[in-house]
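Pasted below: query_12.txt, compact mmCIF, C-alpha atoms and all ligand atoms.
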```
# COMPACT_ATOMS: atom_id res chain seq x y z
CA MET O 1437 -25.15 -13.91 2.98
CA THR O 1438 -21.40 -13.37 2.51
CA ALA O 1439 -19.55 -14.90 -0.42
CA GLY O 1440 -17.03 -16.94 1.61
CA PRO O 1441 -13.44 -16.24 2.54
CA ILE O 1442 -10.52 -15.56 0.22
CA GLY O 1443 -8.04 -18.46 0.23
CA VAL O 1444 -4.32 -17.67 0.23
CA PHE O 1445 -1.48 -20.17 0.24
CA ASP O 1446 2.29 -20.41 0.21
CA SER O 1447 4.86 -23.07 1.04
CA GLY O 1448 5.36 -21.39 4.42
CA VAL O 1449 5.08 -18.00 6.06
CA GLY O 1450 6.34 -15.95 3.08
CA GLY O 1451 2.84 -15.52 1.68
CA LEU O 1452 1.88 -13.65 4.85
CA THR O 1453 3.52 -10.61 3.20
CA VAL O 1454 0.83 -10.94 0.52
CA LEU O 1455 -1.93 -11.57 3.09
CA ARG O 1456 -0.90 -8.36 4.84
CA ALA O 1457 -1.32 -6.38 1.60
CA LEU O 1458 -4.63 -8.12 0.85
CA ARG O 1459 -6.02 -7.21 4.28
CA GLU O 1460 -5.00 -3.60 3.81
CA ARG O 1461 -6.76 -3.51 0.45
CA LEU O 1462 -9.83 -5.58 1.45
CA PRO O 1463 -10.27 -4.93 5.20
CA ASP O 1464 -13.81 -6.38 5.37
CA ALA O 1465 -13.01 -9.65 3.61
CA ASP O 1466 -12.51 -12.92 5.50
CA PHE O 1467 -9.36 -14.90 4.71
CA VAL O 1468 -8.08 -18.44 5.11
CA TYR O 1469 -4.29 -18.68 4.90
CA LEU O 1470 -2.52 -22.00 4.43
CA GLY O 1471 1.24 -22.44 4.86
CA ASP O 1472 2.47 -25.82 3.66
CA THR O 1473 5.24 -25.74 6.27
CA ALA O 1474 5.68 -29.52 6.35
CA ARG O 1475 6.87 -29.54 2.74
CA LEU O 1476 8.75 -26.24 2.51
CA PRO O 1477 10.78 -25.32 0.50
CA TYR O 1478 8.97 -25.56 -2.82
CA GLY O 1479 11.76 -23.67 -4.56
CA THR O 1480 14.13 -26.62 -4.82
CA LYS O 1481 11.48 -29.12 -6.01
CA SER O 1482 10.66 -30.24 -9.55
CA PRO O 1483 7.81 -28.57 -11.51
CA ASP O 1484 5.62 -31.69 -11.21
CA THR O 1485 6.02 -31.84 -7.44
CA VAL O 1486 5.32 -28.13 -7.01
CA ARG O 1487 2.19 -28.50 -9.18
CA ARG O 1488 0.98 -31.48 -7.13
CA TYR O 1489 1.59 -29.71 -3.81
CA ALA O 1490 -0.11 -26.54 -5.07
CA LEU O 1491 -3.18 -28.49 -6.22
CA GLN O 1492 -3.44 -30.19 -2.83
CA ALA O 1493 -3.09 -26.90 -0.94
CA ALA O 1494 -5.67 -25.23 -3.18
CA GLU O 1495 -8.02 -28.21 -2.80
CA ALA O 1496 -7.88 -27.85 1.00
CA LEU O 1497 -8.80 -24.17 0.68
CA ARG O 1498 -11.53 -24.79 -1.89
CA SER O 1499 -13.15 -27.28 0.49
CA ARG O 1500 -13.60 -24.29 2.83
CA GLN O 1501 -15.76 -22.57 0.19
CA VAL O 1502 -13.31 -19.83 -0.73
CA GLN O 1503 -14.64 -17.26 -3.20
CA ALA O 1504 -11.18 -16.61 -4.66
CA LEU O 1505 -7.74 -18.14 -4.50
CA VAL O 1506 -4.43 -16.29 -4.21
CA VAL O 1507 -1.29 -18.26 -4.93
CA ALA O 1508 1.01 -16.25 -2.64
CA CYS O 1509 4.09 -18.14 -3.79
CA ASN O 1510 6.08 -17.29 -6.89
CA THR O 1511 7.30 -20.85 -7.34
CA ALA O 1512 3.76 -22.25 -7.31
CA SER O 1513 2.46 -19.34 -9.42
CA GLY O 1514 5.07 -20.07 -12.08
CA PHE O 1515 4.31 -23.79 -12.31
CA ALA O 1516 0.72 -24.25 -11.20
CA LEU O 1517 -1.36 -21.15 -11.87
CA ASP O 1518 -2.75 -22.38 -15.19
CA ALA O 1519 -3.63 -25.78 -13.73
CA LEU O 1520 -5.37 -24.17 -10.73
CA ALA O 1521 -7.32 -21.71 -12.88
CA ALA O 1522 -8.41 -24.58 -15.16
CA ARG O 1523 -9.48 -26.68 -12.16
CA TRP O 1524 -11.65 -23.90 -10.64
CA PRO O 1525 -12.89 -21.72 -13.52
CA GLU O 1526 -15.81 -20.49 -11.40
CA ILE O 1527 -13.64 -18.40 -9.03
CA PRO O 1528 -10.83 -15.86 -9.52
CA VAL O 1529 -7.42 -17.51 -9.17
CA GLU O 1530 -4.61 -14.97 -8.90
CA GLY O 1531 -0.86 -15.51 -8.78
CA VAL O 1532 1.98 -13.18 -7.84
CA VAL O 1533 4.27 -13.37 -10.89
CA GLU O 1534 2.24 -11.36 -13.44
CA PRO O 1535 1.44 -8.53 -10.98
CA GLY O 1536 5.12 -8.41 -9.91
CA ALA O 1537 6.35 -8.33 -13.50
CA ALA O 1538 3.83 -5.60 -14.37
CA ALA O 1539 4.94 -3.50 -11.40
CA ALA O 1540 8.59 -3.90 -12.40
CA CYS O 1541 7.89 -2.85 -15.99
CA ARG O 1542 6.01 0.23 -14.76
CA ARG O 1543 8.70 1.24 -12.27
CA SER O 1544 11.81 0.57 -14.38
CA ALA O 1545 13.23 3.77 -15.88
CA HIS O 1546 15.41 2.12 -18.54
CA GLY O 1547 14.05 -1.43 -18.75
CA ASP O 1548 17.10 -2.90 -17.00
CA ILE O 1549 15.42 -5.33 -14.63
CA ALA O 1550 16.96 -7.90 -12.28
CA VAL O 1551 14.86 -10.68 -10.76
CA ILE O 1552 15.76 -12.80 -7.75
CA GLY O 1553 13.74 -15.82 -6.67
CA THR O 1554 13.99 -19.47 -5.81
CA GLU O 1555 15.93 -21.90 -7.97
CA ALA O 1556 12.68 -23.28 -9.44
CA THR O 1557 11.18 -19.85 -10.18
CA ILE O 1558 14.30 -18.70 -11.99
CA ARG O 1559 14.75 -21.98 -13.88
CA GLY O 1560 11.07 -22.02 -14.88
CA GLY O 1561 11.41 -18.62 -16.56
CA ALA O 1562 7.95 -17.25 -15.62
CA TYR O 1563 9.28 -13.79 -14.71
CA GLN O 1564 11.52 -13.57 -17.75
CA ASP O 1565 8.54 -14.43 -20.00
CA ALA O 1566 6.11 -12.07 -18.23
CA ILE O 1567 8.52 -9.11 -18.32
CA ARG O 1568 9.40 -9.65 -21.98
CA ARG O 1569 5.71 -9.90 -22.90
CA LEU O 1570 5.07 -6.52 -21.30
CA ARG O 1571 8.31 -4.83 -22.28
CA PRO O 1572 9.97 -6.69 -25.16
CA ASP O 1573 13.04 -4.41 -25.17
CA ALA O 1574 13.83 -5.05 -21.48
CA ARG O 1575 17.18 -6.42 -20.37
CA VAL O 1576 16.35 -9.10 -17.81
CA ARG O 1577 18.95 -10.61 -15.50
CA VAL O 1578 18.00 -13.33 -13.08
CA ARG O 1579 19.52 -15.10 -10.13
CA ALA O 1580 18.37 -17.89 -7.82
CA CYS O 1581 18.82 -16.85 -4.17
CA SER O 1582 17.47 -19.92 -2.40
CA VAL O 1583 19.36 -19.33 0.85
CA PHE O 1584 17.27 -16.19 1.40
CA VAL O 1585 14.25 -18.47 1.98
CA ALA O 1586 16.01 -20.27 4.84
CA LEU O 1587 17.20 -16.97 6.34
CA ALA O 1588 13.69 -15.52 6.19
CA GLU O 1589 12.08 -18.66 7.66
CA GLU O 1590 14.71 -18.58 10.40
CA GLY O 1591 13.79 -14.96 11.18
CA TRP O 1592 17.37 -13.84 10.45
CA PHE O 1593 16.25 -10.69 8.69
CA ASP O 1594 19.13 -8.48 9.66
CA SER O 1595 21.95 -10.68 10.90
CA PRO O 1596 25.61 -10.48 9.77
CA ALA O 1597 25.14 -13.94 8.20
CA ALA O 1598 22.21 -12.65 6.15
CA GLU O 1599 24.22 -9.64 5.07
CA ALA O 1600 27.13 -11.84 3.94
CA VAL O 1601 24.72 -14.00 1.92
CA ALA O 1602 23.06 -10.95 0.35
CA ARG O 1603 26.45 -9.56 -0.60
CA ALA O 1604 27.53 -12.87 -2.14
CA TYR O 1605 24.34 -13.02 -4.23
CA LEU O 1606 24.03 -9.39 -5.30
CA ALA O 1607 27.24 -7.39 -4.99
CA ASP O 1608 28.61 -8.10 -8.49
CA TRP O 1609 25.50 -6.65 -10.17
CA PHE O 1610 25.50 -3.53 -8.06
CA ASP O 1611 29.24 -2.91 -7.76
CA GLY O 1612 29.61 -3.36 -11.52
CA PRO O 1613 29.59 -0.61 -14.17
CA GLU O 1614 25.99 -1.19 -15.34
CA PRO O 1615 23.78 -1.94 -12.34
CA PRO O 1616 20.15 -2.76 -13.04
CA ASP O 1617 17.65 0.05 -12.31
CA THR O 1618 15.02 -2.28 -10.83
CA LEU O 1619 15.20 -5.35 -8.61
CA VAL O 1620 12.21 -7.67 -8.35
CA LEU O 1621 11.89 -9.64 -5.11
CA GLY O 1622 10.46 -12.66 -6.94
CA CYS O 1623 9.78 -14.72 -3.84
CA THR O 1624 7.23 -13.89 -1.16
CA HIS O 1625 9.81 -14.65 1.52
CA PHE O 1626 12.10 -11.83 0.39
CA PRO O 1627 10.26 -8.61 1.37
CA VAL O 1628 11.27 -9.11 5.03
CA LEU O 1629 14.90 -8.88 3.85
CA ALA O 1630 14.27 -5.64 1.94
CA GLY O 1631 16.13 -3.42 4.45
CA LEU O 1632 19.17 -5.64 4.27
CA ILE O 1633 19.05 -5.91 0.48
CA ARG O 1634 18.69 -2.14 0.23
CA ARG O 1635 22.02 -1.74 2.04
CA ILE O 1636 23.75 -3.79 -0.68
CA VAL O 1637 21.97 -2.37 -3.72
CA GLY O 1638 21.85 1.31 -2.74
CA ASP O 1639 19.05 3.86 -2.65
CA GLU O 1640 18.71 4.65 -6.35
CA LEU O 1641 17.18 1.38 -7.42
CA ALA O 1642 13.46 0.53 -7.58
CA LEU O 1643 12.80 -2.44 -5.29
CA VAL O 1644 9.64 -4.24 -6.36
CA ASP O 1645 7.63 -6.97 -4.68
CA SER O 1646 4.28 -8.28 -5.82
CA ALA O 1647 2.28 -8.08 -2.58
CA SER O 1648 0.49 -4.76 -3.07
CA THR O 1649 0.05 -5.16 -6.85
CA THR O 1650 -1.43 -8.64 -6.40
CA ALA O 1651 -3.85 -7.24 -3.81
CA ALA O 1652 -4.85 -4.46 -6.22
CA VAL O 1653 -5.41 -6.92 -9.09
CA LEU O 1654 -7.56 -9.21 -6.92
CA ALA O 1655 -9.60 -6.30 -5.52
CA GLU O 1656 -10.27 -5.21 -9.09
CA ARG O 1657 -11.37 -8.71 -10.11
CA LEU O 1658 -13.68 -9.08 -7.11
CA GLY O 1659 -15.29 -5.66 -7.55
CA PRO O 1660 -16.66 -3.43 -4.79
CA GLN O 1661 -18.92 -6.01 -3.10
CA VAL O 1662 -16.43 -7.83 -0.86
CA ASP O 1663 -17.94 -8.16 2.57
CA GLY O 1664 -17.35 -10.29 5.64
CA GLY O 1665 -16.11 -9.77 9.17
CA GLY O 1666 -12.41 -9.13 8.49
CA SER O 1667 -11.42 -12.49 10.03
CA VAL O 1668 -8.35 -14.61 9.25
CA THR O 1669 -8.11 -18.36 9.76
CA PHE O 1670 -4.56 -19.73 9.83
CA LEU O 1671 -3.75 -23.25 8.69
CA ALA O 1672 -0.34 -24.90 8.52
CA THR O 1673 0.77 -28.42 7.71
CA ASP O 1674 3.34 -28.47 10.53
CA GLY O 1675 4.66 -26.52 13.51
CA ALA O 1676 2.00 -24.12 14.86
CA GLU O 1677 4.45 -22.60 17.33
CA ARG O 1678 7.09 -21.84 14.74
CA PHE O 1679 4.51 -20.64 12.21
CA ALA O 1680 3.21 -18.14 14.77
CA THR O 1681 6.62 -16.91 15.95
CA VAL O 1682 8.17 -16.35 12.54
CA GLY O 1683 4.88 -15.59 10.81
CA SER O 1684 4.07 -12.65 13.07
CA ARG O 1685 7.15 -10.89 11.75
CA PHE O 1686 5.98 -11.36 8.17
CA LEU O 1687 2.44 -10.33 8.98
CA GLY O 1688 3.42 -7.35 11.12
CA THR O 1689 1.00 -8.32 13.91
CA PRO O 1690 1.26 -10.93 16.70
CA LEU O 1691 0.04 -14.42 15.90
CA ASP O 1692 -1.18 -16.82 18.58
CA PRO O 1693 0.06 -20.44 18.08
CA ALA O 1694 -3.26 -21.65 19.52
CA ALA O 1695 -5.00 -19.97 16.58
CA VAL O 1696 -2.99 -21.95 14.01
CA GLU O 1697 -4.80 -25.12 12.98
CA ILE O 1698 -2.62 -27.99 11.79
CA VAL O 1699 -4.05 -29.74 8.73
CA ASP O 1700 -3.00 -32.71 6.62
CA LEU O 1701 -3.10 -32.34 2.87
N1 LIG O 1801 7.69 -18.17 -0.95
C1 LIG O 1801 7.94 -19.00 -2.07
C2 LIG O 1801 8.00 -18.21 -3.37
O1 LIG O 1801 7.49 -17.09 -3.45
C3 LIG O 1801 9.12 -19.91 -2.06
C4 LIG O 1801 9.71 -20.42 -0.84
C5 LIG O 1801 10.06 -21.90 -1.02
O2 LIG O 1801 11.09 -22.22 -1.62
O3 LIG O 1801 9.24 -22.69 -0.59
O4 LIG O 1801 8.51 -18.70 -4.35
```
Any chance you could give the structure as structure tokens?
Amino acid sequence: MTAGPIGVFDSGVGGLTVLRALRERLPDADFVYLGDTARLPYGTKSPDTVRRYALQAAEALRSRQVQALVVACNTASGFALDALAARWPEIPVEGVVEPGAAAACRRSAHGDIAVIGTEATIRGGAYQDAIRRLRPDARVRVRACSVFVALAEEGWFDSPAAEAVARAYLADWFDGPEPPDTLVLGCTHFPVLAGLIRRIVGDELALVDSASTTAAVLAERLGPQVDGGGSVTFLATDGAERFATVGSRFLGTPLDPAAVEIVDL
């Protein structure tokens, strides 16, 4: 008997960047991915609302007998991880902030780390706290880059508009005399904009996202016995067509809209 699928959720398609890394790391596992597309974005909502949405999304996954839960959303990880772990102590519940912060601290040569994320993630301070816990001497600069979420959801990964936005958000750090040595993409929507961001920040800098480190941490927690058929079930709270079109670009493989089940939380 297999142990059940691994549940993964995000406010939209951003968490598919994490699902992609999880599938690479755990190719035999079965997954259920839920994108709460009807209520996206989470990043402009209050902590209480994000917590409530995250609990509802996780509840929907738990009712499908998941053996582990991955909060593939930095905003929800920052505000709801403790509540989710307390609600389901019998299964591993993993977020993306701690693994991302740990990767940044490992990669940063001089401890000069910049973090970009949604308004709520930056205001909540989860990255700042996690980095300072691991590397108390670090200089941490942060910036909310909420428009990146809309650009990524729109599939505008490499447009002139996206480049203008990236320049407006980031140029002062990187054109200045003391640029950070590491940039954390503290939102699961941002890795698809990495090529564009790289053009603004240059080649020297370490660009960190939490997808592969989160996958490694979960694989470690689950141990070697993860079996299944390598299947993925896709759930969304709205817009199967759009989820499939944009989502396939995050996932790196085509997604059939007919395979996206619309659920109500
Ligand atoms: N992908 C989510 C994150 O990592 C945020 C996107 C949103 O604002 O909903 O924070």
Which residues come within 8 Å of O:Val1533, counting only C-alpha atoms, excluding same-chain residues fewer than 3 positions away, as a list in words?
->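 Contacts, in chain order: Asn1510, Ser1513, Gly1514, Gly1536, Ala1537, Ala1562, Tyr1563, Ala1566, Gly1622 and Ser1646 of chain O.
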Using all atoms listed in the file, which residue out of O:Val1468, O:Ala1580, O:Val1585, O:Val1628 lies closest to ligand LIG 1801 (chain O)?
->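 So, comparing all the options, the nearest one is O:Val1585.
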How would you write, as a CSV table (one decimal) with C-alpha atoms, in the coordinates of the input, the set of residues no farther than 6 Å from ligand LIG 1801 (chain O) when counting all atoms listed in the file?
```csv
chain,number,residue,atom,x,y,z
O,1446,ASP,CA,2.3,-20.4,0.2
O,1447,SER,CA,4.9,-23.1,1.0
O,1450,GLY,CA,6.3,-16.0,3.1
O,1476,LEU,CA,8.8,-26.2,2.5
O,1477,PRO,CA,10.8,-25.3,0.5
O,1478,TYR,CA,9.0,-25.6,-2.8
O,1479,GLY,CA,11.8,-23.7,-4.6
O,1509,CYS,CA,4.1,-18.1,-3.8
O,1510,ASN,CA,6.1,-17.3,-6.9
O,1511,THR,CA,7.3,-20.8,-7.3
O,1554,THR,CA,14.0,-19.5,-5.8
O,1585,VAL,CA,14.2,-18.5,2.0
O,1623,CYS,CA,9.8,-14.7,-3.8
O,1624,THR,CA,7.2,-13.9,-1.2
O,1625,HIS,CA,9.8,-14.6,1.5
```
Centre, edges in Å (one decimal): axis-aligned box, stretch 1559-1570 of chain O, 4 Å padding on all six sides, as AutoDock Vina command-line options:
```
--center_x 9.9 --center_y -14.3 --center_z -18.4 --size_x 17.7 --size_y 23.5 --size_z 17.0
```
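Using all atoms listed in the file for every distance, the candidate list O:Arg1498, O:Ala1508, O:Ser1667, O:Phe1515 yields O:Ala1508 as the residue closest to O:Leu1455.
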Can you check which parts of stretch 1475-1526 of chain O lie within 12 Å of stretch 1652-1664 of chain O? Per residue, the shortest pair of atoms and distance in Å to one decimal, counting all atoms listed in the file, sorted by chain and number, as JSON lines.
```
{"residue": "O:Gln1503", "atom": "CA", "partner": "O:Leu1658", "partner_atom": "CA", "distance": 9.1}
{"residue": "O:Ala1504", "atom": "CA", "partner": "O:Leu1658", "partner_atom": "CA", "distance": 8.3}
{"residue": "O:Leu1505", "atom": "CA", "partner": "O:Leu1654", "partner_atom": "CA", "distance": 9.3}
{"residue": "O:Val1506", "atom": "CA", "partner": "O:Leu1654", "partner_atom": "CA", "distance": 8.2}
{"residue": "O:Val1507", "atom": "CA", "partner": "O:Leu1654", "partner_atom": "CA", "distance": 11.2}
{"residue": "O:Ala1508", "atom": "CA", "partner": "O:Leu1654", "partner_atom": "CA", "distance": 11.9}
```
Based on the selection just made, write C-alpha atoms of those residues as a short mmCIF file (atom, residue, chain, number, x, y, z; two decimals), in the frame of the given file.
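Below you can see part_14.cif, which holds the result:
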```cif
data_model
loop_
_atom_site.label_atom_id
_atom_site.label_comp_id
_atom_site.auth_asym_id
_atom_site.auth_seq_id
_atom_site.Cartn_x
_atom_site.Cartn_y
_atom_site.Cartn_z
CA GLN O 1503 -14.64 -17.26 -3.20
CA ALA O 1504 -11.18 -16.61 -4.66
CA LEU O 1505 -7.74 -18.14 -4.50
CA VAL O 1506 -4.43 -16.29 -4.21
CA VAL O 1507 -1.29 -18.26 -4.93
CA ALA O 1508 1.01 -16.25 -2.64
#
```
